Amino acid sequence: ALAEGVQSYPLARILGWMQRWLYDLLSVKSAGRLRYNPDYEASLNRLGSRLQATELARHLRDLVRAQEVVRHPLNQRLFVEQLLLSYGALLRGEASGNDHAR
């Protein structure tokens, strides 16, 4: 439902938002600081405390790779759904095995 709701947004904007969110999660986890989302400090601190830094870094790397195809996805909705599903897996602590750009 969320993927359908954001279909009107440019993919690069959605991906950029997710990258900044993950950057802040990793930054909170490793340095205790936020850069992009100070209004969500409490949520980021709560999430960051339960996630592994290595998984956050791996997911952020996957999002950077996704930049390679963001301008030419075969199916925009499927692209967004994959982004959201892999983020959900990260939050559940499931192993990262889904590279977005592959």
# chains A, B, ... in the order shown; residues from 1 in each chain; ligands from 1
>>> select_by_dssp(residues="chain A", states="helix (DSSP H, G or I)", output="VMD selection string")
chain A and resid 2 to 5 11 to 31 38 to 50 53 to 66 76 to 92
>>> closest_residue(among="A:Leu2, A:Leu44, A:Val28, A:Leu22", to="A:Leu85", atoms="only C-alpha atoms")
A:Leu2
>>> closest_residue(among="A:Ala12, A:Leu56, A:Asp39, A:Leu34", to="A:Glu68", atoms="only C-alpha atoms")
A:Ala12
>>> residues_around(residues="stretch 57-64 of chain A", least_positions_apart="4", cutoff="12 Å", atoms="only C-alpha atoms", output="NGL selection string")
:A and (11-12 or 14-27 or 29-30 or 48 or 51-53 or 68-70 or 79-80 or 82-91 or 93-102)
>>> write_last_selection(atoms="C-alpha atoms", output="JSON list (two decimals), in the first residue's frame")
[["chain", "number", "residue", "atom", "x", "y", "z"],
["A", 11, "LEU", "CA", 12.15, 7.35, -7.58],
["A", 12, "ALA", "CA", 15.33, 9.36, -7.02],
["A", 14, "ILE", "CA", 12.31, 8.16, -2.53],
["A", 15, "LEU", "CA", 15.72, 6.55, -2.76],
["A", 16, "GLY", "CA", 17.42, 9.72, -1.50],
["A", 17, "TRP", "CA", 15.06, 9.88, 1.46],
["A", 18, "MET", "CA", 15.80, 6.25, 2.32],
["A", 19, "GLN", "CA", 19.54, 6.83, 2.01],
["A", 20, "ARG", "CA", 19.42, 9.81, 4.37],
["A", 21, "TRP", "CA", 17.28, 7.86, 6.84],
["A", 22, "LEU", "CA", 19.71, 4.92, 6.80],
["A", 23, "TYR", "CA", 22.67, 7.27, 7.06],
["A", 24, "ASP", "CA", 21.14, 8.77, 10.20],
["A", 25, "LEU", "CA", 20.40, 5.32, 11.64],
["A", 26, "LEU", "CA", 24.02, 4.28, 11.10],
["A", 27, "SER", "CA", 25.31, 7.60, 12.41],
["A", 29, "LYS", "CA", 24.40, 3.78, 16.07],
["A", 30, "SER", "CA", 28.09, 4.56, 15.58],
["A", 48, "GLY", "CA", 19.32, 2.38, 15.94],
["A", 51, "LEU", "CA", 19.91, -2.77, 14.76],
["A", 52, "GLN", "CA", 23.40, -4.00, 13.94],
["A", 53, "ALA", "CA", 25.82, -1.44, 12.47],
["A", 68, "GLU", "CA", 22.59, 2.85, -10.72],
["A", 69, "VAL", "CA", 19.12, 1.78, -11.86],
["A", 70, "VAL", "CA", 16.85, 4.38, -10.28],
["A", 79, "PHE", "CA", 11.35, -1.08, -7.47],
["A", 80, "VAL", "CA", 9.74, 0.79, -4.56],
["A", 82, "GLN", "CA", 11.67, -4.04, -3.16],
["A", 83, "LEU", "CA", 13.14, -1.04, -1.34],
["A", 84, "LEU", "CA", 10.43, -1.21, 1.30],
["A", 85, "LEU", "CA", 10.56, -5.00, 1.67],
["A", 86, "SER", "CA", 14.31, -4.99, 2.17],
["A", 87, "TYR", "CA", 13.99, -2.18, 4.74],
["A", 88, "GLY", "CA", 11.35, -4.21, 6.55],
["A", 89, "ALA", "CA", 13.69, -7.22, 6.56],
["A", 90, "LEU", "CA", 16.42, -5.02, 8.04],
["A", 91, "LEU", "CA", 14.09, -3.92, 10.84],
["A", 93, "GLY", "CA", 16.81, -8.51, 11.74],
["A", 94, "GLU", "CA", 16.68, -10.77, 8.72],
["A", 95, "ALA", "CA", 19.90, -11.37, 6.82],
["A", 96, "SER", "CA", 20.51, -9.06, 3.91],
["A", 97, "GLY", "CA", 20.56, -11.02, 0.72],
["A", 98, "ASN", "CA", 18.60, -8.81, -1.59],
["A", 99, "ASP", "CA", 20.75, -6.37, -3.50],
["A", 100, "HIS", "CA", 18.52, -3.69, -5.01],
["A", 101, "ALA", "CA", 20.60, -3.13, -8.11],
["A", 102, "ARG", "CA", 20.99, -6.75, -9.07]]
>>> atom_distance(atom1="atom CA of A:Pro38", atom2="atom CA of A:Glu55")
22.1 Å
>>> closest_residue(among="A:Gln7, A:Ala1, A:Ala31, A:Arg13", to="A:Asn75", atoms="only C-alpha atoms")
A:Gln7
>>> closest_residue(among="A:Thr54, A:Gln76, A:Asn37, A:Gln67", to="A:Glu4", atoms="only C-alpha atoms")
A:Gln76
>>> decode(residues="stretch 7-81 of chain A", atoms="C-alpha atoms", output="PDB file, in the first residue's frame")
ATOM      1  CA  GLN A   7       4.061   6.175  -6.971  1.00  0.00           C
ATOM      2  CA  SER A   8       3.668   9.825  -7.904  1.00  0.00           C
ATOM      3  CA  TYR A   9       7.023  10.731  -6.299  1.00  0.00           C
ATOM      4  CA  PRO A  10      10.191  10.519  -8.373  1.00  0.00           C
ATOM      5  CA  LEU A  11      12.154   7.354  -7.575  1.00  0.00           C
ATOM      6  CA  ALA A  12      15.326   9.358  -7.018  1.00  0.00           C
ATOM      7  CA  ARG A  13      13.547  11.328  -4.273  1.00  0.00           C
ATOM      8  CA  ILE A  14      12.308   8.164  -2.535  1.00  0.00           C
ATOM      9  CA  LEU A  15      15.719   6.550  -2.760  1.00  0.00           C
ATOM     10  CA  GLY A  16      17.420   9.723  -1.497  1.00  0.00           C
ATOM     11  CA  TRP A  17      15.058   9.880   1.457  1.00  0.00           C
ATOM     12  CA  MET A  18      15.797   6.250   2.319  1.00  0.00           C
ATOM     13  CA  GLN A  19      19.543   6.826   2.007  1.00  0.00           C
ATOM     14  CA  ARG A  20      19.419   9.814   4.368  1.00  0.00           C
ATOM     15  CA  TRP A  21      17.281   7.856   6.841  1.00  0.00           C
ATOM     16  CA  LEU A  22      19.713   4.916   6.798  1.00  0.00           C
ATOM     17  CA  TYR A  23      22.669   7.268   7.064  1.00  0.00           C
ATOM     18  CA  ASP A  24      21.138   8.773  10.203  1.00  0.00           C
ATOM     19  CA  LEU A  25      20.405   5.320  11.636  1.00  0.00           C
ATOM     20  CA  LEU A  26      24.017   4.280  11.097  1.00  0.00           C
ATOM     21  CA  SER A  27      25.307   7.601  12.414  1.00  0.00           C
ATOM     22  CA  VAL A  28      23.194   7.335  15.575  1.00  0.00           C
ATOM     23  CA  LYS A  29      24.398   3.777  16.069  1.00  0.00           C
ATOM     24  CA  SER A  30      28.088   4.558  15.583  1.00  0.00           C
ATOM     25  CA  ALA A  31      28.525   8.201  16.622  1.00  0.00           C
ATOM     26  CA  GLY A  32      25.334   9.200  18.420  1.00  0.00           C
ATOM     27  CA  ARG A  33      24.636  12.050  15.977  1.00  0.00           C
ATOM     28  CA  LEU A  34      22.048  12.882  13.334  1.00  0.00           C
ATOM     29  CA  ARG A  35      22.550  14.807  10.158  1.00  0.00           C
ATOM     30  CA  TYR A  36      19.385  14.734   8.073  1.00  0.00           C
ATOM     31  CA  ASN A  37      16.395  13.940  10.286  1.00  0.00           C
ATOM     32  CA  PRO A  38      16.690  15.744  13.626  1.00  0.00           C
ATOM     33  CA  ASP A  39      12.892  15.875  13.966  1.00  0.00           C
ATOM     34  CA  TYR A  40      12.899  12.082  14.220  1.00  0.00           C
ATOM     35  CA  GLU A  41      15.682  11.780  16.786  1.00  0.00           C
ATOM     36  CA  ALA A  42      13.673   9.661  19.235  1.00  0.00           C
ATOM     37  CA  SER A  43      12.569   7.199  16.540  1.00  0.00           C
ATOM     38  CA  LEU A  44      16.047   6.957  15.047  1.00  0.00           C
ATOM     39  CA  ASN A  45      17.609   6.392  18.481  1.00  0.00           C
ATOM     40  CA  ARG A  46      15.078   3.673  19.268  1.00  0.00           C
ATOM     41  CA  LEU A  47      15.570   1.922  15.925  1.00  0.00           C
ATOM     42  CA  GLY A  48      19.323   2.383  15.938  1.00  0.00           C
ATOM     43  CA  SER A  49      19.659   0.781  19.341  1.00  0.00           C
ATOM     44  CA  ARG A  50      18.185  -2.494  18.143  1.00  0.00           C
ATOM     45  CA  LEU A  51      19.915  -2.768  14.759  1.00  0.00           C
ATOM     46  CA  GLN A  52      23.402  -3.999  13.938  1.00  0.00           C
ATOM     47  CA  ALA A  53      25.819  -1.438  12.472  1.00  0.00           C
ATOM     48  CA  THR A  54      27.083  -3.973   9.925  1.00  0.00           C
ATOM     49  CA  GLU A  55      23.563  -4.617   8.637  1.00  0.00           C
ATOM     50  CA  LEU A  56      22.835  -0.895   8.472  1.00  0.00           C
ATOM     51  CA  ALA A  57      26.037  -0.322   6.495  1.00  0.00           C
ATOM     52  CA  ARG A  58      25.216  -3.231   4.164  1.00  0.00           C
ATOM     53  CA  HIS A  59      21.716  -1.897   3.542  1.00  0.00           C
ATOM     54  CA  LEU A  60      23.024   1.627   2.938  1.00  0.00           C
ATOM     55  CA  ARG A  61      25.518   0.181   0.429  1.00  0.00           C
ATOM     56  CA  ASP A  62      22.641  -1.615  -1.321  1.00  0.00           C
ATOM     57  CA  LEU A  63      20.766   1.677  -1.585  1.00  0.00           C
ATOM     58  CA  VAL A  64      23.821   3.329  -3.129  1.00  0.00           C
ATOM     59  CA  ARG A  65      23.909   0.512  -5.689  1.00  0.00           C
ATOM     60  CA  ALA A  66      20.232   1.074  -6.393  1.00  0.00           C
ATOM     61  CA  GLN A  67      21.173   4.573  -7.626  1.00  0.00           C
ATOM     62  CA  GLU A  68      22.586   2.851 -10.722  1.00  0.00           C
ATOM     63  CA  VAL A  69      19.123   1.776 -11.862  1.00  0.00           C
ATOM     64  CA  VAL A  70      16.850   4.383 -10.283  1.00  0.00           C
ATOM     65  CA  ARG A  71      16.448   6.334 -13.507  1.00  0.00           C
ATOM     66  CA  HIS A  72      15.607   3.243 -15.590  1.00  0.00           C
ATOM     67  CA  PRO A  73      13.715   0.724 -13.474  1.00  0.00           C
ATOM     68  CA  LEU A  74      11.747  -1.876 -15.382  1.00  0.00           C
ATOM     69  CA  ASN A  75       8.778  -1.336 -13.086  1.00  0.00           C
ATOM     70  CA  GLN A  76       8.618   1.659 -10.738  1.00  0.00           C
ATOM     71  CA  ARG A  77       6.185   0.086  -8.292  1.00  0.00           C
ATOM     72  CA  LEU A  78       8.208  -3.131  -8.021  1.00  0.00           C
ATOM     73  CA  PHE A  79      11.349  -1.077  -7.467  1.00  0.00           C
ATOM     74  CA  VAL A  80       9.738   0.793  -4.557  1.00  0.00           C
ATOM     75  CA  GLU A  81       8.232  -2.406  -3.169  1.00  0.00           C
TER      76      GLU A  81
END
